[in-house]
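Have a look at the structure below, then the notes.
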Amino acid sequence: MIKKKFISMLLACVMISSSATSVCAAQDSNSDTSQTQYPLTITDDLGTEVTIEKEPEKIVSLSPANTETLFALGAGDKVVGRTDYCNYPEEASDIASIGSYSEPNTELIISMEPDIVFASDYIDDSIRSQVEAAGAKVVVFSANSIDSVEQDIFTAGEILNLNDKACEVTDTMKNELSKLQSDLSSIEDKKTAFIDLGSFYSAGPGSLLDDVLKNISVENITEESGEMWPQLSVEKIIEKDPDVYISLYTTPEELKKTTGISDLECIKNDSIIYYDGLSPQADMIQRAGPRIVEGARLLAQAIYPDIITE
């Protein structure tokens, strides 16, 4: 079931990618294409077709990444509800919270009478059904690569009739990533890294963090696991002997006291990148929103300080 869901997500991303590229290119030569034609049918990241009858006026965001995207598109004034964790940009804190993204207050969402709810794949099917029964459209964004983040931003822009702005945002991201990769092109020996999300759970193939590492010329030691969120044994981490230890949970001081892990060369020589899981830096490298390329540069600078100096 999970495999089928993942394949649907990948297919949806491919279709959106092609659409985004062609429409943005068309807008360069014909301004008439920048207006969304309603009714509009899109396929979200779970492979669900959603038809939007008219331009949405009231929006509820059920993830911090979606909230960042909406503000980047200039639709922040349409957002009437957000989660407790939607802390960027600062203006988002002025919007009423509907609770957490995994357990939102369904009754409160419905009372806000949104035209559309932008959710993540944490949304429960029963919540989605209740919200849709009340008349709102639900679109799920669950990007697992920088490309699919850009695709979701484009789709959000298309839904909200903000196509020009969506192209502007995604073009900026593409240009910044291209420059970053050009700066890293001289690397011959890629560094290896382990991402510790806590208790040695990590971000494996198919995850956004894994894709970020690929884009900055870093090899993820969990690649062979074949799992999106593998838990590695201390023995396996020692065997892989990463050049860099990226921790979003355990502090460097604690790592240096952890049996086995403390023997790693990267721990001994302080090749540790530590961002508290709720820090702005952790948000930038994990959230599937417009700042993901900034997050990639942040990581690249920490891993290759001699190459990326700013």
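Chain labels run A, B, ... following the order of the structure tokens; each chain numbers its residues from 1, and ligands are numbered from 1 in the order shown.
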
Using only C-alpha atoms, tabulate the residues of stretch 147-197 of chain A lying at most 9 Å from any atom of stretch 50-62 of chain A, each with its closest atom pair and that distance in Å to one decimal, by chain and increasing residue number, as a tab-separated table.
```
residue	atom	partner	partner_atom	distance
A:Ile159	CA	A:Glu55	CA	7.1
A:Leu160	CA	A:Glu55	CA	5.8
A:Asn161	CA	A:Glu55	CA	6.6
```

Could the residues in this selection be written to a file with all heavy atoms, as a PDB file, in the first residue's frame?
```pdb
ATOM      1  N   ILE A 159      -3.280  27.259  -8.870  1.00  0.00           N
ATOM      2  CA  ILE A 159      -4.561  27.165  -8.165  1.00  0.00           C
ATOM      3  C   ILE A 159      -5.062  28.545  -7.755  1.00  0.00           C
ATOM      4  O   ILE A 159      -6.255  28.844  -7.857  1.00  0.00           O
ATOM      5  CB  ILE A 159      -4.417  26.269  -6.914  1.00  0.00           C
ATOM      6  CG1 ILE A 159      -4.225  24.805  -7.331  1.00  0.00           C
ATOM      7  CG2 ILE A 159      -5.635  26.399  -5.996  1.00  0.00           C
ATOM      8  CD1 ILE A 159      -3.833  23.888  -6.187  1.00  0.00           C
ATOM      9  N   LEU A 160      -4.140  29.396  -7.310  1.00  0.00           N
ATOM     10  CA  LEU A 160      -4.510  30.706  -6.765  1.00  0.00           C
ATOM     11  C   LEU A 160      -4.468  31.829  -7.801  1.00  0.00           C
ATOM     12  O   LEU A 160      -4.624  32.998  -7.451  1.00  0.00           O
ATOM     13  CB  LEU A 160      -3.578  31.051  -5.602  1.00  0.00           C
ATOM     14  CG  LEU A 160      -3.609  30.062  -4.422  1.00  0.00           C
ATOM     15  CD1 LEU A 160      -2.516  30.396  -3.419  1.00  0.00           C
ATOM     16  CD2 LEU A 160      -4.977  30.068  -3.757  1.00  0.00           C
ATOM     17  N   ASN A 161      -4.253  31.463  -9.071  1.00  0.00           N
ATOM     18  CA  ASN A 161      -4.163  32.448 -10.151  1.00  0.00           C
ATOM     19  C   ASN A 161      -3.006  33.421  -9.905  1.00  0.00           C
ATOM     20  O   ASN A 161      -3.122  34.624 -10.127  1.00  0.00           O
ATOM     21  CB  ASN A 161      -5.484  33.221 -10.304  1.00  0.00           C
ATOM     22  CG  ASN A 161      -5.570  33.948 -11.642  1.00  0.00           C
ATOM     23  OD1 ASN A 161      -4.863  33.633 -12.587  1.00  0.00           O
ATOM     24  ND2 ASN A 161      -6.452  34.935 -11.714  1.00  0.00           N
TER      25      ASN A 161
END
```

Just the residues within 12 Å of A:Val117, please, counting only C-alpha atoms, with nothing from its chain fewer than 6 positions along; format it as JSON, numbers by chain. {"A": [50, 52, 56, 57, 58, 59, 60, 61, 62, 63, 66, 67, 70, 78, 79, 80, 81, 82, 83, 98, 101, 104, 106, 109, 110, 123, 127, 128, 129, 130, 131, 132, 134, 135, 136, 137, 138, 139, 140, 141, 156, 159, 160]}

For the strand (DSSP E or B) assignment from backbone DSSP, which residues of stretch 194-294 of chain A qualify? Please present them as a PyMOL selection string. chain A and resi 194-196+201+218-220+231+244-247+272-274

Pull the closest atom pair for each residue of stretch 33-69 of chain A that gets at most 12 Å from stretch 266-285 of chain A, along with the distance in Å to one decimal, counting only C-alpha atoms, ordering rows by chain and then ascending residue number, as a tab-separated table.
```
residue	atom	partner	partner_atom	distance
A:Ser63	CA	A:Asp283	CA	11.9
A:Pro64	CA	A:Asp283	CA	9.0
A:Ala65	CA	A:Asp283	CA	8.9
A:Glu68	CA	A:Met284	CA	10.7
```

Would you kindly return, as a PyMOL selection string, each protein, DNA or RNA residue with an atom no farther than 12 Å from any atom of A:Val234, considering only C-alpha atoms and excluding same-chain residues fewer than 5 positions away? chain A and resi 194+196+199-201+239-241+255+258-264

Have a look at atom CA of A:Arg287 and atom CA of A:Leu208 and let me know their distance in Å, one decimal. 8.5 Å

Which of stretch 104-228 of chain A end up as alpha helix (DSSP H) when DSSP is run on this backbone - answer as JSON, numbers by chain? {"A": [106, 107, 108, 109, 110, 111, 125, 126, 127, 128, 129, 130, 131, 132, 133, 146, 147, 148, 149, 150, 151, 152, 153, 154, 155, 156, 157, 158, 159, 163, 164, 165, 166, 167, 168, 169, 170, 171, 172, 173, 174, 175, 176, 177, 178, 179, 180, 181, 182, 183, 208, 209, 210, 211, 212, 213, 214, 215]}

With C-alpha atoms retained, export the selected residues as a compact mmCIF listing (two decimals), in the first residue's frame.
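Just written: selection25.txt:
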```txt
# COMPACT_ATOMS: atom_id res chain seq x y z
CA THR A 106 -11.40 19.87 12.26
CA GLU A 107 -14.39 21.79 13.60
CA LEU A 108 -12.34 24.98 13.74
CA ILE A 109 -11.13 24.49 10.17
CA ILE A 110 -14.70 24.02 8.95
CA SER A 111 -15.89 27.08 10.90
CA ASP A 125 -8.33 10.53 5.56
CA SER A 126 -11.27 11.13 7.91
CA ILE A 127 -10.27 14.77 8.40
CA ARG A 128 -9.91 15.24 4.67
CA SER A 129 -13.38 13.72 4.13
CA GLN A 130 -14.99 15.97 6.74
CA VAL A 131 -13.39 19.12 5.34
CA GLU A 132 -14.36 18.21 1.79
CA ALA A 133 -17.91 17.39 2.88
CA ILE A 146 13.98 20.09 -4.62
CA ASP A 147 12.41 19.65 -8.06
CA SER A 148 9.10 18.56 -6.56
CA VAL A 149 9.19 21.50 -4.11
CA GLU A 150 9.37 23.80 -7.12
CA GLN A 151 6.57 21.84 -8.76
CA ASP A 152 4.32 22.25 -5.73
CA ILE A 153 5.00 25.99 -5.62
CA PHE A 154 4.01 26.23 -9.26
CA THR A 155 0.83 24.21 -8.65
CA ALA A 156 -0.13 26.43 -5.71
CA GLY A 157 0.39 29.48 -7.92
CA GLU A 158 -1.77 27.96 -10.63
CA ILE A 159 -4.56 27.16 -8.17
CA ASN A 163 1.15 32.01 -12.08
CA ASP A 164 3.58 34.85 -12.78
CA LYS A 165 4.68 34.99 -9.15
CA ALA A 166 5.02 31.19 -9.01
CA CYS A 167 7.30 31.27 -12.04
CA GLU A 168 9.29 34.10 -10.48
CA VAL A 169 9.77 32.16 -7.24
CA THR A 170 10.69 28.88 -8.91
CA ASP A 171 12.98 30.55 -11.46
CA THR A 172 14.86 32.21 -8.59
CA MET A 173 15.21 28.85 -6.86
CA LYS A 174 16.49 27.19 -10.04
CA ASN A 175 19.01 29.96 -10.64
CA GLU A 176 20.27 29.86 -7.04
CA LEU A 177 20.62 26.07 -7.14
CA SER A 178 22.41 26.23 -10.49
CA LYS A 179 24.91 28.74 -9.07
CA LEU A 180 25.45 26.60 -5.97
CA GLN A 181 26.10 23.51 -8.05
CA SER A 182 28.47 25.47 -10.29
CA ASP A 183 30.39 26.56 -7.19
CA LEU A 208 13.86 15.51 0.75
CA LEU A 209 16.98 15.67 2.93
CA ASP A 210 18.59 12.90 0.89
CA ASP A 211 17.88 14.86 -2.29
CA VAL A 212 19.38 17.99 -0.76
CA LEU A 213 22.60 16.07 -0.08
CA LYS A 214 22.69 14.78 -3.66
CA ASN A 215 22.29 18.32 -4.97
```
